[in-house]
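Data from work-v6.txt: compact mmCIF, C-alpha atoms
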```txt
# COMPACT_ATOMS: atom_id res chain seq x y z
CA MET A 1 42.36 16.83 107.34
CA SER A 2 40.27 19.43 109.14
CA LYS A 3 41.78 22.33 107.16
CA LYS A 4 41.11 20.56 103.87
CA ARG A 5 37.50 19.92 104.83
CA PHE A 6 37.01 23.57 105.74
CA SER A 7 38.75 24.68 102.55
CA ASN A 8 36.33 22.65 100.47
CA TYR A 9 33.35 24.63 101.75
CA PHE A 10 34.99 27.82 100.54
CA GLU A 11 36.05 26.43 97.17
CA THR A 12 32.74 24.69 96.51
CA SER A 13 30.69 27.75 97.44
CA LEU A 14 32.89 30.11 95.43
CA ASP A 15 32.66 27.85 92.39
CA LYS A 16 28.86 27.68 92.72
CA PHE A 17 28.46 31.45 92.87
CA ASN A 18 30.92 32.07 90.05
CA LYS A 19 29.00 29.64 87.81
CA LYS A 20 25.62 31.18 88.84
CA GLU A 21 24.46 27.76 90.03
CA SER A 22 23.55 28.94 93.52
CA VAL A 23 20.07 29.36 95.01
CA ILE A 24 19.50 32.80 96.56
CA GLY A 25 17.33 33.42 99.62
CA ILE A 26 16.03 36.93 100.34
CA LEU A 27 14.57 37.49 103.82
CA GLY A 28 12.30 40.53 103.77
CA LEU A 29 10.46 41.53 100.59
CA GLY A 30 9.96 45.25 101.04
CA TYR A 31 11.40 48.23 99.19
CA VAL A 32 14.91 46.72 99.36
CA GLY A 33 14.32 42.99 99.29
CA LEU A 34 11.81 42.75 96.45
CA PRO A 35 13.83 44.69 93.83
CA LEU A 36 16.91 42.68 94.81
CA ALA A 37 14.99 39.40 94.54
CA LEU A 38 13.66 40.29 91.09
CA ASN A 39 17.15 41.31 90.00
CA TYR A 40 18.46 37.85 90.86
CA ALA A 41 15.54 36.10 89.19
CA GLU A 42 15.95 38.21 86.04
CA ASN A 43 19.57 37.07 85.93
CA TYR A 44 18.40 33.44 85.91
CA TYR A 45 19.17 32.58 89.51
CA LYS A 46 16.78 30.39 91.44
CA LEU A 47 15.30 32.66 94.08
CA ILE A 48 13.44 31.95 97.31
CA GLY A 49 11.88 35.07 98.82
CA ILE A 50 10.66 34.87 102.41
CA ASP A 51 8.51 37.37 104.28
CA ILE A 52 6.38 37.03 107.41
CA ASN A 53 3.71 39.28 105.85
CA GLU A 54 1.24 36.80 104.34
CA GLN A 55 -0.47 39.54 102.32
CA LYS A 56 2.78 40.27 100.50
CA ILE A 57 3.30 36.58 99.75
CA LYS A 58 -0.24 36.19 98.43
CA SER A 59 0.16 39.28 96.29
CA LEU A 60 3.46 38.11 94.80
CA ASN A 61 2.09 34.65 94.09
CA LYS A 62 -0.71 36.32 92.14
CA SER A 63 1.91 38.43 90.31
CA LYS A 64 0.56 41.58 91.91
CA SER A 65 2.97 44.29 92.99
CA TYR A 66 2.54 46.30 96.20
CA ILE A 67 5.26 48.78 95.23
CA SER A 68 4.18 51.46 92.75
CA TYR A 69 7.33 51.52 90.62
CA ILE A 70 7.54 47.71 90.28
CA SER A 71 5.10 46.46 87.66
CA ASP A 72 2.95 43.34 87.90
CA GLN A 73 4.49 42.25 84.61
CA ARG A 74 7.98 42.30 86.09
CA ILE A 75 6.89 39.93 88.85
CA LEU A 76 5.09 37.69 86.36
CA ASP A 77 8.15 37.53 84.10
CA ALA A 78 10.34 36.47 87.03
CA LYS A 79 7.95 33.88 88.45
CA ASN A 80 9.58 30.86 86.80
CA ASN A 81 12.72 31.45 88.85
CA CYS A 82 11.01 32.46 92.10
CA LEU A 83 9.37 30.89 95.11
CA PHE A 84 7.68 33.35 97.46
CA THR A 85 6.80 31.98 100.88
CA SER A 86 6.59 32.67 104.61
CA ASP A 87 8.12 29.28 105.41
CA PHE A 88 11.62 29.70 106.86
CA SER A 89 12.38 26.00 106.42
CA GLU A 90 13.02 26.79 102.75
CA ILE A 91 16.32 28.30 103.92
CA LYS A 92 17.86 24.82 103.95
CA LYS A 93 17.59 24.87 100.13
CA VAL A 94 19.53 28.10 99.58
CA ASP A 95 23.21 28.90 99.22
CA ALA A 96 22.92 32.57 100.17
CA ILE A 97 20.79 34.26 102.80
CA ILE A 98 20.39 38.01 102.29
CA ILE A 99 18.65 39.82 105.16
CA CYS A 100 16.69 42.93 104.09
CA VAL A 101 14.49 43.83 107.07
CA PRO A 102 13.83 47.17 108.79
CA THR A 103 16.08 48.63 111.47
CA PRO A 104 13.97 51.41 113.02
CA LEU A 105 14.57 53.42 116.17
CA SER A 106 12.97 52.64 119.52
CA LYS A 107 10.76 55.19 121.25
CA HIS A 108 13.92 56.38 123.02
CA ARG A 109 15.65 56.90 119.65
CA GLU A 110 17.96 53.96 120.14
CA PRO A 111 18.71 51.23 117.53
CA ASP A 112 16.01 48.60 117.27
CA LEU A 113 17.51 45.40 115.85
CA SER A 114 14.49 43.28 116.77
CA TYR A 115 13.55 42.59 113.12
CA VAL A 116 17.09 41.47 112.28
CA LEU A 117 17.39 39.31 115.40
CA LYS A 118 13.97 37.72 114.95
CA THR A 119 14.73 36.97 111.29
CA LEU A 120 18.05 35.41 112.25
CA GLU A 121 16.35 33.39 115.00
CA ASN A 122 13.83 32.03 112.47
CA ALA A 123 16.64 31.13 110.07
CA LEU A 124 19.06 29.50 112.54
CA PRO A 125 17.49 26.01 112.63
CA TYR A 126 17.89 25.72 108.84
CA LEU A 127 21.44 26.99 108.35
CA LYS A 128 23.89 24.60 106.74
CA LYS A 129 27.60 24.61 106.08
CA GLY A 130 28.76 26.38 102.94
CA GLN A 131 26.08 29.09 103.04
CA ILE A 132 26.77 32.81 103.08
CA ILE A 133 24.76 35.29 105.16
CA SER A 134 24.67 38.90 104.00
CA LEU A 135 23.12 41.60 106.16
CA GLU A 136 21.88 44.58 104.13
CA SER A 137 19.86 46.35 106.82
CA THR A 138 21.35 49.67 107.94
CA THR A 139 22.93 49.46 111.37
CA PHE A 140 25.73 50.76 113.60
CA PRO A 141 29.39 49.81 113.15
CA GLY A 142 30.09 46.54 114.94
CA THR A 143 26.68 44.93 114.53
CA THR A 144 27.89 42.17 112.20
CA GLU A 145 30.93 41.22 114.28
CA GLU A 146 29.60 41.88 117.78
CA ILE A 147 26.00 40.70 117.47
CA ILE A 148 25.37 38.62 114.34
CA LYS A 149 28.61 36.61 114.30
CA PRO A 150 28.36 35.28 117.90
CA ILE A 151 24.78 34.12 117.30
CA ILE A 152 25.85 32.13 114.25
CA GLU A 153 28.93 30.74 115.99
CA SER A 154 26.75 29.55 118.86
CA LYS A 155 25.42 26.95 116.42
CA ASN A 156 28.95 25.55 115.95
CA PHE A 157 29.67 27.20 112.63
CA GLU A 158 33.14 28.60 111.98
CA ILE A 159 32.85 31.94 110.20
CA GLY A 160 35.17 32.10 107.21
CA ASN A 161 35.62 28.34 106.98
CA ASP A 162 32.28 26.53 106.87
CA LEU A 163 29.88 29.50 106.86
CA PHE A 164 30.49 32.97 105.45
CA LEU A 165 29.33 36.34 106.75
CA VAL A 166 29.31 39.74 105.04
CA TYR A 167 27.75 43.15 105.45
CA SER A 168 26.62 44.92 102.27
CA PRO A 169 24.36 47.91 102.94
CA GLU A 170 21.38 48.58 100.73
CA ARG A 171 21.63 51.84 98.81
CA ASP A 172 18.18 51.90 97.26
CA ASP A 173 16.42 55.17 96.49
CA PRO A 174 12.73 54.23 96.10
CA GLY A 175 11.24 55.56 92.87
CA ASN A 176 14.54 56.80 91.42
CA LYS A 177 14.26 56.39 87.64
CA THR A 178 17.99 56.75 87.01
CA PHE A 179 19.65 54.65 89.69
CA ASN A 180 18.41 51.22 90.70
CA THR A 181 19.64 48.07 92.42
CA LYS A 182 21.72 47.03 89.40
CA ASN A 183 23.55 50.23 88.49
CA THR A 184 24.16 51.58 92.00
CA PRO A 185 27.67 50.53 93.17
CA LYS A 186 27.52 48.10 96.09
CA ILE A 187 29.72 48.31 99.18
CA LEU A 188 30.87 44.95 100.60
CA GLY A 189 32.68 44.10 103.81
CA GLY A 190 33.51 40.56 104.92
CA SER A 191 34.01 39.09 108.35
CA THR A 192 37.13 37.42 106.90
CA VAL A 193 38.97 37.59 103.59
CA LYS A 194 37.25 34.39 102.44
CA CYS A 195 33.88 35.80 103.44
CA LYS A 196 34.57 38.86 101.30
CA GLU A 197 35.52 36.69 98.32
CA ILE A 198 32.30 34.69 98.57
CA GLY A 199 30.32 37.93 99.01
CA TYR A 200 31.91 39.41 95.91
CA ALA A 201 30.92 36.31 93.93
CA LEU A 202 27.39 36.55 95.36
CA TYR A 203 26.79 40.05 94.04
CA LYS A 204 29.08 40.53 91.04
CA HIS A 205 26.73 38.99 88.46
CA ILE A 206 23.73 41.18 89.35
CA ILE A 207 25.38 44.49 90.35
CA ASP A 208 27.40 46.50 87.83
CA GLU A 209 30.09 47.43 90.36
CA VAL A 210 30.87 45.82 93.72
CA ILE A 211 33.27 47.78 95.94
CA PRO A 212 35.04 45.66 98.57
CA VAL A 213 36.17 47.40 101.76
CA SER A 214 38.45 46.20 104.54
CA SER A 215 35.86 45.10 107.10
CA THR A 216 32.17 44.81 107.94
CA GLN A 217 32.60 47.80 110.30
CA THR A 218 33.86 49.93 107.41
CA ALA A 219 30.86 48.93 105.30
CA GLU A 220 28.48 49.68 108.17
CA MET A 221 30.08 53.09 108.73
CA THR A 222 30.02 53.89 105.01
CA LYS A 223 26.23 53.63 104.85
CA LEU A 224 25.81 55.83 107.90
CA VAL A 225 28.19 58.50 106.59
CA GLU A 226 26.31 58.67 103.28
CA ASN A 227 23.04 59.42 105.01
CA ILE A 228 24.48 61.56 107.79
CA GLN A 229 25.98 63.87 105.17
CA ARG A 230 22.54 64.35 103.64
CA ALA A 231 20.82 64.77 107.00
CA VAL A 232 23.30 67.44 108.13
CA ASN A 233 23.11 69.37 104.85
CA ILE A 234 19.33 69.21 104.77
CA GLY A 235 19.31 70.40 108.38
CA LEU A 236 21.44 73.35 107.28
CA VAL A 237 19.12 74.41 104.47
CA ASN A 238 16.06 73.90 106.69
CA GLU A 239 17.61 76.31 109.18
CA LEU A 240 18.42 78.72 106.35
CA LYS A 241 14.83 78.48 105.12
CA ILE A 242 13.54 79.90 108.38
CA LEU A 243 16.14 82.68 108.27
CA ALA A 244 15.46 83.49 104.61
CA ASP A 245 11.72 83.65 105.28
CA LYS A 246 12.28 86.24 108.03
CA MET A 247 14.50 88.25 105.68
CA ASN A 248 11.97 87.98 102.82
CA ILE A 249 14.49 86.18 100.61
CA ASP A 250 13.57 83.30 98.30
CA LEU A 251 15.92 80.51 99.43
CA TYR A 252 15.13 78.39 96.36
CA GLU A 253 16.30 81.23 94.12
CA VAL A 254 19.44 81.50 96.26
CA ILE A 255 20.17 77.76 95.99
CA ASN A 256 19.58 77.75 92.23
CA ALA A 257 21.90 80.73 91.83
CA ALA A 258 24.58 79.15 94.03
CA SER A 259 24.29 75.95 91.96
CA THR A 260 25.69 77.77 88.93
CA LYS A 261 29.12 77.63 90.59
CA PRO A 262 30.84 74.76 88.73
CA PHE A 263 32.82 73.57 91.76
CA GLY A 264 32.59 73.37 95.53
CA PHE A 265 28.79 73.62 95.90
CA THR A 266 26.22 70.83 96.03
CA PRO A 267 22.55 71.88 96.18
CA TYR A 268 20.33 70.57 98.97
CA TYR A 269 16.72 71.68 99.28
CA PRO A 270 14.56 72.35 102.34
CA GLY A 271 11.23 70.76 103.11
CA PRO A 272 8.75 70.07 105.92
CA GLY A 273 11.24 67.71 107.61
CA LEU A 274 12.93 64.40 106.87
CA GLY A 275 11.25 61.09 106.09
CA GLY A 276 11.86 57.58 104.88
CA HIS A 277 13.59 54.52 106.20
CA CYS A 278 17.15 55.93 106.22
CA ILE A 279 17.96 59.60 106.57
CA PRO A 280 15.85 60.44 109.67
CA ILE A 281 17.00 57.24 111.41
CA ASP A 282 20.55 56.32 110.42
CA PRO A 283 22.35 59.28 112.05
CA PHE A 284 21.01 58.25 115.45
CA TYR A 285 22.55 54.80 115.04
CA LEU A 286 25.97 56.42 115.07
CA SER A 287 25.01 58.91 117.81
CA TRP A 288 24.04 55.97 120.00
CA LYS A 289 27.20 53.99 119.22
CA VAL A 290 29.68 56.78 119.94
CA LYS A 291 28.39 57.11 123.51
CA GLN A 292 30.32 53.87 124.16
CA TYR A 293 33.47 55.91 123.43
CA ASP A 294 32.42 58.84 125.63
CA LEU A 295 32.06 61.07 122.57
CA GLN A 296 29.33 63.32 121.18
CA THR A 297 28.08 63.83 117.63
CA ARG A 298 27.12 67.48 117.86
CA PHE A 299 26.54 68.15 114.15
CA ILE A 300 24.38 65.03 113.85
CA ASP A 301 22.35 65.82 116.94
CA LEU A 302 21.79 69.45 115.95
CA ALA A 303 20.73 68.51 112.41
CA GLY A 304 18.33 65.97 113.90
CA GLU A 305 16.81 68.62 116.14
CA ILE A 306 16.36 71.07 113.26
CA ASN A 307 14.87 68.50 110.89
CA SER A 308 12.55 67.15 113.57
CA SER A 309 11.33 70.68 114.30
CA MET A 310 10.26 71.45 110.73
CA PRO A 311 6.67 70.09 110.98
CA LYS A 312 6.16 72.48 113.92
CA TYR A 313 7.55 75.30 111.76
CA VAL A 314 4.96 74.46 109.07
CA LEU A 315 2.26 74.52 111.74
CA ASP A 316 3.43 77.92 112.99
CA LYS A 317 3.48 79.27 109.44
CA THR A 318 -0.05 77.96 108.91
CA ARG A 319 -1.21 79.73 112.06
CA GLU A 320 0.50 82.95 110.96
CA VAL A 321 -1.03 82.91 107.46
CA LEU A 322 -4.53 82.16 108.77
CA ASN A 323 -4.22 84.86 111.41
CA GLU A 324 -3.49 87.39 108.67
CA LYS A 325 -6.81 86.33 107.11
CA CYS A 326 -8.53 86.73 110.50
CA LYS A 327 -8.93 82.98 110.92
CA SER A 328 -7.66 80.49 113.48
CA ILE A 329 -6.45 76.96 112.81
CA LYS A 330 -9.29 75.57 114.90
CA ASN A 331 -12.25 74.72 112.65
CA SER A 332 -10.43 75.91 109.52
CA LYS A 333 -10.80 73.57 106.55
CA ILE A 334 -7.28 72.58 105.49
CA LEU A 335 -6.24 70.31 102.64
CA VAL A 336 -2.79 68.74 102.74
CA LEU A 337 -1.27 67.58 99.46
CA GLY A 338 0.91 64.47 99.72
CA LEU A 339 1.46 62.22 102.74
CA SER A 340 4.33 60.03 101.55
CA TYR A 341 7.83 60.99 102.63
CA LYS A 342 9.00 61.86 99.10
CA LYS A 343 7.38 62.43 95.77
CA ASN A 344 6.10 59.77 93.38
CA ILE A 345 6.10 56.84 95.80
CA GLU A 346 3.62 55.39 98.31
CA ASP A 347 6.10 54.95 101.18
CA TYR A 348 5.10 57.07 104.20
CA ARG A 349 7.57 55.73 106.78
CA GLU A 350 8.75 58.57 109.06
CA SER A 351 7.00 61.03 106.75
CA PRO A 352 7.08 64.64 107.95
CA SER A 353 3.86 65.16 106.01
CA LEU A 354 2.10 62.85 108.46
CA ALA A 355 3.57 64.80 111.35
CA VAL A 356 2.10 68.04 109.94
CA TYR A 357 -1.23 66.30 109.26
CA LYS A 358 -1.45 65.13 112.88
CA LEU A 359 -0.38 68.49 114.32
CA LEU A 360 -3.17 70.22 112.38
CA ILE A 361 -5.76 67.77 113.66
CA ASP A 362 -4.49 68.23 117.22
CA GLN A 363 -5.04 71.99 116.78
CA GLY A 364 -8.68 71.41 115.85
CA ALA A 365 -8.43 71.91 112.09
CA LYS A 366 -10.77 70.06 109.78
CA VAL A 367 -8.15 68.26 107.71
CA ALA A 368 -8.49 66.35 104.45
CA TYR A 369 -5.71 65.04 102.23
CA SER A 370 -4.98 64.21 98.63
CA ASP A 371 -2.29 61.73 97.62
CA PRO A 372 -2.48 59.67 94.41
CA TYR A 373 -0.16 57.07 95.95
CA LEU A 374 -2.11 56.62 99.17
CA PRO A 375 -5.82 56.06 98.41
CA LYS A 376 -6.80 55.65 102.07
CA TYR A 377 -5.30 56.86 105.33
CA ASP A 378 -6.62 57.42 108.85
CA HIS A 379 -10.18 56.40 107.88
CA GLN A 380 -10.17 58.99 105.10
CA ASN A 381 -10.10 58.60 101.33
CA SER A 382 -7.72 60.64 99.22
CA LEU A 383 -9.61 63.63 97.84
CA LYS A 384 -9.87 63.94 94.09
CA LEU A 385 -8.65 67.39 93.10
CA ASN A 386 -10.93 69.60 91.06
CA GLN A 387 -11.85 73.27 91.06
CA LYS A 388 -14.88 72.81 93.31
CA ASN A 389 -13.12 70.71 95.93
CA LEU A 390 -10.09 72.98 96.14
CA SER A 391 -12.17 76.14 96.47
CA GLU A 392 -13.96 74.77 99.55
CA PHE A 393 -10.82 74.81 101.71
CA ASP A 394 -9.60 77.79 103.69
CA LEU A 395 -6.01 76.77 103.02
CA VAL A 396 -4.03 74.19 101.05
CA ILE A 397 -0.59 72.96 102.19
CA LEU A 398 1.73 71.33 99.67
CA LEU A 399 3.76 68.81 101.69
CA THR A 400 4.86 66.17 99.15
CA ASP A 401 5.22 67.45 95.61
CA HIS A 402 4.07 64.47 93.54
CA ASP A 403 4.44 65.04 89.81
CA ASP A 404 0.90 63.73 89.37
CA PHE A 405 -0.60 66.85 90.94
CA ASP A 406 -2.06 69.44 88.57
CA TYR A 407 -0.20 72.46 89.93
CA LYS A 408 -1.90 74.97 87.67
CA LEU A 409 -5.32 73.75 88.81
CA ILE A 410 -4.22 73.89 92.45
CA GLU A 411 -2.91 77.44 92.11
CA LYS A 412 -5.95 78.66 90.21
CA SER A 413 -8.58 77.06 92.47
CA SER A 414 -7.15 77.43 95.98
CA LYS A 415 -7.76 80.41 98.24
CA ILE A 416 -4.39 80.21 100.01
CA ILE A 417 -1.44 77.89 99.45
CA ILE A 418 1.46 77.15 101.77
CA ASP A 419 4.25 75.61 99.71
CA THR A 420 6.88 73.61 101.63
CA ARG A 421 8.65 72.30 98.50
CA GLY A 422 9.37 75.36 96.37
CA ARG A 423 7.00 74.43 93.54
CA TYR A 424 5.48 77.91 93.32
CA LYS A 425 6.68 81.47 93.23
CA THR A 426 5.41 83.42 96.22
CA SER A 427 2.43 85.74 95.63
CA HIS A 428 -0.47 87.31 97.49
CA LYS A 429 -1.94 83.87 98.06
CA ILE A 430 1.13 81.60 97.98
CA PHE A 431 3.39 81.44 100.99
CA ARG A 432 6.55 79.45 101.65
CA ALA A 433 7.13 77.26 104.72
```
Would you kindly transcribe this structure into structure tokens?
Amino acid sequence: MSKKRFSNYFETSLDKFNKKESVIGILGLGYVGLPLALNYAENYYKLIGIDINEQKIKSLNKSKSYISYISDQRILDAKNNCLFTSDFSEIKKVDAIIICVPTPLSKHREPDLSYVLKTLENALPYLKKGQIISLESTTFPGTTEEIIKPIIESKNFEIGNDLFLVYSPERDDPGNKTFNTKNTPKILGGSTVKCKEIGYALYKHIIDEVIPVSSTQTAEMTKLVENIQRAVNIGLVNELKILADKMNIDLYEVINAASTKPFGFTPYYPGPGLGGHCIPIDPFYLSWKVKQYDLQTRFIDLAGEINSSMPKYVLDKTREVLNEKCKSIKNSKILVLGLSYKKNIEDYRESPSLAVYKLLIDQGAKVAYSDPYLPKYDHQNSLKLNQKNLSEFDLVILLTDHDDFDYKLIEKSSKIIIDTRGRYKTSHKIFRA
């Protein structure tokens, strides 16, 4: 009798998801959660989006977007299928709970799961049998089974029978015009085989390709490997940038030439460091975890050191260039272009541009900034670029190469430019860093 009762939760839930009759709950409406929520609503699911940030909820309920590449119209068009709220009791109405909250590092560069755990704590009183919980937040292998599962089971649920648990890492690239939530293949690992089946049914109607893997640990590790590969390769080219600069070689020309090889080479490009919610953080999740096995991640740690040192390299290059002009950083008027962590978005989490900005201020420079995606920062307004404004600065540093910048105007009007993104050819007044 007991087995039949448990079986019914699985069959009923699977049938509901396959028929698209389920109600979806998204917890966390940021750069991952909001696009996912809209994707469900646009596919005619009933959607309940929950976030503790009341400003976000007010904005969404007024059909106003707080993410630059998501239009107000898109939110308005989806409104008939959406409820946006900060009330966690709405969870009792949903069939799926998808957790999309940040997983930053602590000040000691250790995993900080406080957002995930607090979100789960808020949801626990409203869980019901037959629901599926999907964690999308990036984390270390073992989180789902060792941390999330016991918390749920403490409320007398039986994972795989009357409540289902999966891990399916987000793979969003904010601002990418080619790949989005729908057409980026989705990795899925289940706590049990039945969990994986329910998870597949949860995502298959809104994602073009869902890729099941053998376990939640495999899915967790997959996300880390994707970003560790990028972090290590970017660390390599950042190290090569310093070497190439000393040898008076244009590394961007080298990379472009190497890219003509039709096999065996993938181009990565240097910059002022690493930023965003994934690549600077995710490698350290694995570095922390492997200490439990008395192992070291030497490549990961070295790449992290190199990438973290790049803002200081930009500062040193700034000092060197100003010294050649018989100026010091202190009291020099410096304009930094771009504060977000990558071009064409407003997200400045872990941005190396901010690290450079703060280092310059600490050295006594008179620093202003211009960023079309960040109108106000640090009690300053973004400077509108024109010939007069640019000519007033001793030096301009290109940190985030937004396409909105008028690069010809910047080159023509600036006295000195330090280019950290390879937008310009070097000249008597343009230097690479």
Using only C-alpha atoms, what residues lie at most 8 Å away from (20.2, 74.2, 102.5) (file coordinates), given as number ranges by chain?
A: 233-241, 255, 267-270
Could you give me, as a count of residues only, the residues that sit within 9 Å of (28.8, 24.3, 105.7) in the file's coordinates, counting all atoms listed in the file?
14
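Atom pair atom CA of Arg421 of chain A / atom CA of Val396 of chain A has a distance of 13.1 Å (rounded to one decimal).
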Close residues, Glu146 of chain A itself excluded, 12 Å, only C-alpha atoms, min 5 positions apart in chain, as a CSV table (one decimal) with C-alpha atoms, keeping the file's coordinate frame:
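That gives us out_0.csv:
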```csv
chain,number,residue,atom,x,y,z
A,139,THR,CA,22.9,49.5,111.4
A,140,PHE,CA,25.7,50.8,113.6
A,141,PRO,CA,29.4,49.8,113.2
A,151,ILE,CA,24.8,34.1,117.3
A,152,ILE,CA,25.8,32.1,114.2
A,153,GLU,CA,28.9,30.7,116.0
A,191,SER,CA,34.0,39.1,108.4
A,216,THR,CA,32.2,44.8,107.9
A,217,GLN,CA,32.6,47.8,110.3
```
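Distance annotation: of A:Thr12, A:Asn389, A:Thr178, A:Ser328, the residue with the minimal separation from Ser414 of chain A is A:Asn389; atom set is all atoms listed in the file.
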Got a sec: who's within 12 Å of Leu360 of chain A, counting all atoms listed in the file, leaving out chain neighbours fewer than 4 positions off, as a PyMOL selection string?
chain A and resi 311-319+328-336+353-356+364-369+395+397
Nearest-residue call for Pro375 of chain A, choices A:Leu29, A:Leu339, A:Leu188, A:Leu409, using only C-alpha atoms:
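Ranking A:Leu29, A:Leu339, A:Leu188, A:Leu409 by distance to Pro375 of chain A, first place goes to A:Leu339.
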Between atom CA of Met247 of chain A and atom CA of Thr260 of chain A, what is the distance in Å, rounded to a tenth?
22.7 Å
Place N, CA and C atoms on segment 174-189 of chain A and deliver the coordinates as a CSV table (one decimal), in the frame of the given file.
```csv
chain,number,residue,atom,x,y,z
A,174,PRO,N,14.0,54.6,96.7
A,174,PRO,CA,12.7,54.2,96.1
A,174,PRO,C,12.2,55.2,95.1
A,175,GLY,N,11.8,54.7,93.9
A,175,GLY,CA,11.2,55.6,92.9
A,175,GLY,C,12.2,56.3,92.0
A,176,ASN,N,13.5,56.1,92.2
A,176,ASN,CA,14.5,56.8,91.4
A,176,ASN,C,14.6,56.1,90.0
A,177,LYS,N,14.3,56.9,89.0
A,177,LYS,CA,14.3,56.4,87.6
A,177,LYS,C,15.6,56.3,87.0
A,178,THR,N,16.6,56.8,87.6
A,178,THR,CA,18.0,56.8,87.0
A,178,THR,C,18.8,55.7,87.7
A,179,PHE,N,18.8,55.6,89.0
A,179,PHE,CA,19.6,54.6,89.7
A,179,PHE,C,18.8,53.6,90.4
A,180,ASN,N,19.2,52.3,90.2
A,180,ASN,CA,18.4,51.2,90.7
A,180,ASN,C,19.4,50.2,91.4
A,181,THR,N,18.8,49.1,91.7
A,181,THR,CA,19.6,48.1,92.4
A,181,THR,C,20.8,47.7,91.6
A,182,LYS,N,20.7,47.5,90.3
A,182,LYS,CA,21.7,47.0,89.4
A,182,LYS,C,22.8,48.0,89.2
A,183,ASN,N,22.5,49.3,88.9
A,183,ASN,CA,23.6,50.2,88.5
A,183,ASN,C,24.1,51.1,89.6
A,184,THR,N,23.6,50.9,90.9
A,184,THR,CA,24.2,51.6,92.0
A,184,THR,C,25.3,50.8,92.6
A,185,PRO,N,26.5,51.3,92.6
A,185,PRO,CA,27.7,50.5,93.2
A,185,PRO,C,27.4,50.0,94.6
A,186,LYS,N,27.8,48.8,94.8
A,186,LYS,CA,27.5,48.1,96.1
A,186,LYS,C,28.7,47.9,97.0
A,187,ILE,N,28.6,48.4,98.2
A,187,ILE,CA,29.7,48.3,99.2
A,187,ILE,C,29.7,46.9,99.8
A,188,LEU,N,30.8,46.3,100.0
A,188,LEU,CA,30.9,45.0,100.6
A,188,LEU,C,32.0,44.8,101.6
A,189,GLY,N,31.7,44.4,102.8
A,189,GLY,CA,32.7,44.1,103.8
A,189,GLY,C,32.5,42.7,104.3
```
